[in-house]
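Enquirer: Have a look at the structure that comes next, please.
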Amino acid sequence: TRGGKDSRTSQEIVQSSKGLPDLVPFQQKVKSRLTEKCLDIPGGRGLVVMPTGSGKTRTMIESVLDWCFENQDWPPNIVWIADREELCEQAFQSFKEVFVNLTQKKRDSLVDKSMEVPSEISLFRYWGGRNIDTVPGAVVTSVQQLQSREESSDPVFEEIFANADFVIVDEAHRNIDYIDELSTKLSESENPPRMIGLTATPMRRDSVETAIMTEIFDSNFISPIKGSEHDVEKMV
């Protein structure tokens with residue numbers, strides 16, 4: 001809180017319960033395209049382009065968690081990177097809500113009884129100077145924290161990326177130089193994680209920023225409508 005000590009814990013274990021409404025059709029379309037063009041590909045890269053307020057965070061988290069469940073790859077190691085602390089907390093809360101929603105729906109609709117529905121996921125707040133001891137789960141962090149911990153040779157920094165299955169960058173058009181450096185680091189690992197960016201900023205063909213993001217995310221732009229990555233108005 002402003003002017004006071006932040007009492008939120010570094011880790012929470014979320015248990016499943018009741019959930020959220022289904023994704024709307026355009027969100028479902030993004031999820032399907034993201035799965036096909038990125039999540040199904042080991043080390044896949046992709047940039048999701050959706051307008052502000054269209055549910056990018058919820059769509060992204062549900063896409064990844066659902067993929068992990070359908071592939072029985074649980075618990076996942078997810079790193080979610082945001083530019084500001086308030087966005088970190090929003091993502092943290094969204095992970096809780098989506099996990100609760102998704103597991104309940106899976107449990108209600110499960111046909112293949114050999115498939116196991118996860119009962120919990122560990123979530124970590126790794127921003128604002130917090131320290132964590134990681135186990136498999138989702139680590140929500142900030143660019144500022146990562147830069148600071150990399151400079152101080154924090155072993156947790158190395159651990160979360162060494163074990164990462166998915167690295168998701170919110171507002172990928174921000175801090176582009178750092179994201180580019182991180183991309184290079186990840187691509188040099190023995191088993192590169194899938195790396196996915198989120199942005200509401202259309203790709204401008206003549207911008208240096210777009211050229212860098214095109215290289216980072218392998219020219220794999222994902223949006224609800226073909227061509228809308230260059231013009232968000234097409235999605236409105």
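Chain labels run A, B, ... following the order of the structure tokens; each chain numbers its residues from 1, and ligands are numbered from 1 in the order shown.
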I'd like to know which residues of region 28-73 of chain A are strand (DSSP E or B) (by DSSP, run on the backbone); could you write them as number ranges by chain?

Expert: A: 45-49

Enquirer: Just write the chosen residues, N, CA, C and O atoms, as an mmCIF file, in the first residue's frame.

Expert:
data_model
loop_
_atom_site.group_PDB
_atom_site.id
_atom_site.type_symbol
_atom_site.label_atom_id
_atom_site.label_comp_id
_atom_site.auth_asym_id
_atom_site.auth_seq_id
_atom_site.Cartn_x
_atom_site.Cartn_y
_atom_site.Cartn_z
ATOM 1 N N ARG A 45 7.984 -19.417 -30.339
ATOM 2 C CA ARG A 45 7.914 -17.988 -30.046
ATOM 3 C C ARG A 45 6.660 -17.403 -30.706
ATOM 4 O O ARG A 45 6.257 -17.826 -31.793
ATOM 5 N N GLY A 46 6.067 -16.401 -30.069
ATOM 6 C CA GLY A 46 4.904 -15.749 -30.650
ATOM 7 C C GLY A 46 4.580 -14.456 -29.931
ATOM 8 O O GLY A 46 4.900 -14.302 -28.749
ATOM 9 N N LEU A 47 3.970 -13.522 -30.643
ATOM 10 C CA LEU A 47 3.547 -12.244 -30.078
ATOM 11 C C LEU A 47 2.050 -12.089 -30.266
ATOM 12 O O LEU A 47 1.556 -12.051 -31.395
ATOM 13 N N VAL A 48 1.324 -12.026 -29.147
ATOM 14 C CA VAL A 48 -0.133 -11.876 -29.176
ATOM 15 C C VAL A 48 -0.469 -10.392 -29.189
ATOM 16 O O VAL A 48 -0.049 -9.643 -28.304
ATOM 17 N N VAL A 49 -1.230 -9.971 -30.197
ATOM 18 C CA VAL A 49 -1.625 -8.570 -30.346
ATOM 19 C C VAL A 49 -3.132 -8.472 -30.172
ATOM 20 O O VAL A 49 -3.908 -8.989 -30.973
#

Enquirer: Mind listing the alpha helix (DSSP H) residues of region 111-186 of chain A, per DSSP on the backbone, as a list in words?

Expert: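 Secondary structure check on region 111-186 of chain A, alpha helix (DSSP H): Val143, Gln144, Gln145, Leu146, Gln147, Ser148, Arg149, Glu150, Glu151, Pro155, Val156, Phe157, Glu158, Glu159, Ile160, Phe161, Ala162, Ile176, Asp177, Tyr178, Ile179, Asp180, Glu181, Leu182, Ser183, Thr184, Lys185 and Leu186 of chain A.
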
Enquirer: Pick from A:Val117, A:Val64, A:Ala91, A:Leu23: nearest to Asp40 (chain A), with only C-alpha atoms counted?

Expert: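 Using only C-alpha atoms, Asp40 (chain A) sits closest to A:Val64.
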
Enquirer: Between CA of Thr103 (chain A) and CA of Met115 (chain A), what is the spacing in Å?

Expert: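 Straight-line distance from CA of Met115 (chain A) to CA of Thr103 (chain A) works out to 12.1 Å.
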
Enquirer: Env of Gln145 (chain A): 10 Å cut, atoms = only C-alpha atoms, seq-sep filter 3 positions within chain, self excluded. Answer as a VMD selection string.

Expert: chain A and resid 81 83 85 126 to 130 141 to 142 148 to 151 157

Enquirer: Those selected residues, please, written with C-alpha atoms and delivered as a compact mmCIF listing (two decimals), in the first residue's frame.

Expert:
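In the end it all went to selection.txt:
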# COMPACT_ATOMS: atom_id res chain seq x y z
CA ILE A 81 7.20 -10.64 -16.71
CA ASP A 83 6.63 -3.69 -16.59
CA GLU A 85 4.16 -3.71 -10.02
CA TYR A 126 8.91 -12.06 -7.28
CA TRP A 127 8.82 -8.30 -7.49
CA GLY A 128 9.22 -5.32 -5.17
CA GLY A 129 12.38 -6.73 -3.59
CA ARG A 130 10.78 -10.01 -2.49
CA THR A 141 8.03 -10.81 -11.71
CA SER A 142 8.96 -7.35 -12.95
CA SER A 148 18.47 -6.01 -10.18
CA ARG A 149 18.73 -9.72 -9.35
CA GLU A 150 20.73 -10.52 -12.46
CA GLU A 151 23.22 -7.78 -11.56
CA PHE A 157 17.19 -15.57 -11.13

Enquirer: What does the distance from CA of Leu186 (chain A) to CA of Phe161 (chain A) come to in Å, to one decimal?

Expert: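 Calculated distance between CA of Leu186 (chain A) and CA of Phe161 (chain A) is 7.6 Å.
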
Enquirer: May I ask for the distance between CA of Ser183 (chain A) and CA of Ile225 (chain A), given in Å to one decimal place?

Expert: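 We find that CA of Ser183 (chain A) and CA of Ile225 (chain A) lie 26.7 Å from each other.
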
Enquirer: Choose the residue, out of A:Gln93, A:Gly44, A:Asp165, A:Lys31, that has the smallest atom-to-atom separation from Cys68 (chain A); count only C-alpha atoms.

Expert: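 Going through A:Gln93, A:Gly44, A:Asp165, A:Lys31 one by one, the smallest distance to Cys68 (chain A) is for A:Asp165.
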
Enquirer: Which residues, written as a PyMOL selection string, have at least one atom at most 12 Å from Ser54 (chain A), with only C-alpha atoms counted and residues fewer than 5 positions away on the same chain left out?

Expert: chain A and resi 23-28+30+48-49+59-60+198-200+223-224+232+235-236

Enquirer: Extract, using only C-alpha atoms, all DNA, RNA and protein residues at most 9 Å from Ser189 (chain A), discarding same-chain residues fewer than 4 positions from it, and format them as a compact mmCIF listing (two decimals) with C-alpha atoms, in the first residue's frame.

Expert:
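Output (selection-v6.txt):
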# COMPACT_ATOMS: atom_id res chain seq x y z
CA ALA A 162 16.94 -22.57 -16.23
CA LYS A 185 19.96 -15.69 -23.16
CA PRO A 193 11.34 -22.30 -23.16

Enquirer: Pick out the closest residue to Gln90 (chain A) from this set: A:Thr201, A:Ser10, A:Thr57, A:Ser32. Count only C-alpha atoms.

Expert: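 The closest residue to Gln90 (chain A) is A:Thr57.
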
Enquirer: Within 8 Å of Leu102 (chain A), counting only C-alpha atoms, which residues show up once you throw out same-chain ones fewer than 3 positions away? Write them as a PyMOL selection string, please.

Expert: chain A and resi 19+62+66+98-99+105-106

Enquirer: Within 9 Å of Val156 (chain A), counting only C-alpha atoms, which residues qualify if same-chain residues fewer than 2 places away don't, as a list in words?

Expert: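 Counting only C-alpha atoms, the residues come to Asn131, Ile132, Asp133, Thr134, Arg149, Ser153, Asp154, Glu158, Glu159, Ile160 and Phe161 of chain A.
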
Enquirer: I need the residues from that last selection saved to file as a PDB file, in the first residue's frame (with N, CA, C and O atoms), if you can.

Expert:
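Wrote out28.pdb, looks like this:
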ATOM      1  N   ASN A 131      11.969 -12.026  -1.937  1.00  0.00           N
ATOM      2  CA  ASN A 131      12.789 -13.207  -2.172  1.00  0.00           C
ATOM      3  C   ASN A 131      11.893 -14.434  -2.181  1.00  0.00           C
ATOM      4  O   ASN A 131      10.876 -14.476  -1.481  1.00  0.00           O
ATOM      5  N   ILE A 132      12.253 -15.420  -2.978  1.00  0.00           N
ATOM      6  CA  ILE A 132      11.457 -16.643  -3.052  1.00  0.00           C
ATOM      7  C   ILE A 132      12.378 -17.860  -3.086  1.00  0.00           C
ATOM      8  O   ILE A 132      13.545 -17.771  -3.471  1.00  0.00           O
ATOM      9  N   ASP A 133      11.823 -18.992  -2.665  1.00  0.00           N
ATOM     10  CA  ASP A 133      12.449 -20.299  -2.865  1.00  0.00           C
ATOM     11  C   ASP A 133      11.521 -21.057  -3.804  1.00  0.00           C
ATOM     12  O   ASP A 133      10.420 -21.442  -3.410  1.00  0.00           O
ATOM     13  N   THR A 134      11.952 -21.243  -5.022  1.00  0.00           N
ATOM     14  CA  THR A 134      11.021 -21.737  -6.033  1.00  0.00           C
ATOM     15  C   THR A 134      10.820 -23.239  -5.980  1.00  0.00           C
ATOM     16  O   THR A 134      11.715 -24.002  -5.640  1.00  0.00           O
ATOM     17  N   ARG A 149      18.265  -8.423  -9.834  1.00  0.00           N
ATOM     18  CA  ARG A 149      18.726  -9.724  -9.355  1.00  0.00           C
ATOM     19  C   ARG A 149      19.775 -10.341 -10.287  1.00  0.00           C
ATOM     20  O   ARG A 149      20.642 -11.088  -9.839  1.00  0.00           O
ATOM     21  N   SER A 153      23.681 -11.309  -9.183  1.00  0.00           N
ATOM     22  CA  SER A 153      23.940 -12.753  -9.315  1.00  0.00           C
ATOM     23  C   SER A 153      23.081 -13.581  -8.368  1.00  0.00           C
ATOM     24  O   SER A 153      23.542 -14.558  -7.764  1.00  0.00           O
ATOM     25  N   ASP A 154      21.826 -13.207  -8.235  1.00  0.00           N
ATOM     26  CA  ASP A 154      20.883 -13.952  -7.404  1.00  0.00           C
ATOM     27  C   ASP A 154      20.681 -15.347  -8.019  1.00  0.00           C
ATOM     28  O   ASP A 154      20.266 -15.457  -9.174  1.00  0.00           O
ATOM     29  N   GLU A 158      18.751 -17.240 -11.896  1.00  0.00           N
ATOM     30  CA  GLU A 158      19.234 -18.271 -12.805  1.00  0.00           C
ATOM     31  C   GLU A 158      18.330 -19.493 -12.779  1.00  0.00           C
ATOM     32  O   GLU A 158      18.047 -20.107 -13.817  1.00  0.00           O
ATOM     33  N   GLU A 159      17.832 -19.838 -11.601  1.00  0.00           N
ATOM     34  CA  GLU A 159      17.019 -21.047 -11.449  1.00  0.00           C
ATOM     35  C   GLU A 159      15.689 -20.946 -12.194  1.00  0.00           C
ATOM     36  O   GLU A 159      15.271 -21.893 -12.866  1.00  0.00           O
ATOM     37  N   ILE A 160      15.035 -19.801 -12.057  1.00  0.00           N
ATOM     38  CA  ILE A 160      13.702 -19.716 -12.665  1.00  0.00           C
ATOM     39  C   ILE A 160      13.779 -19.781 -14.189  1.00  0.00           C
ATOM     40  O   ILE A 160      12.883 -20.339 -14.836  1.00  0.00           O
ATOM     41  N   PHE A 161      14.842 -19.256 -14.773  1.00  0.00           N
ATOM     42  CA  PHE A 161      14.951 -19.320 -16.223  1.00  0.00           C
ATOM     43  C   PHE A 161      15.545 -20.647 -16.698  1.00  0.00           C
ATOM     44  O   PHE A 161      15.224 -21.127 -17.783  1.00  0.00           O
TER      45      PHE A 161
END

Enquirer: Which residue gives the smallest distance to Ala82 (chain A) among A:Thr9, A:Gln144, A:Ser207, A:Ser152, with only C-alpha atoms counted?

Expert: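 When distances to Ala82 (chain A) are compared using only C-alpha atoms, the smallest one comes from A:Gln144.
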
Enquirer: Taking only C-alpha atoms into account, which of A:Pro21, A:Val140, A:Asn71, A:Ile216 comes nearest Met195 (chain A)?

Expert: A:Ile216
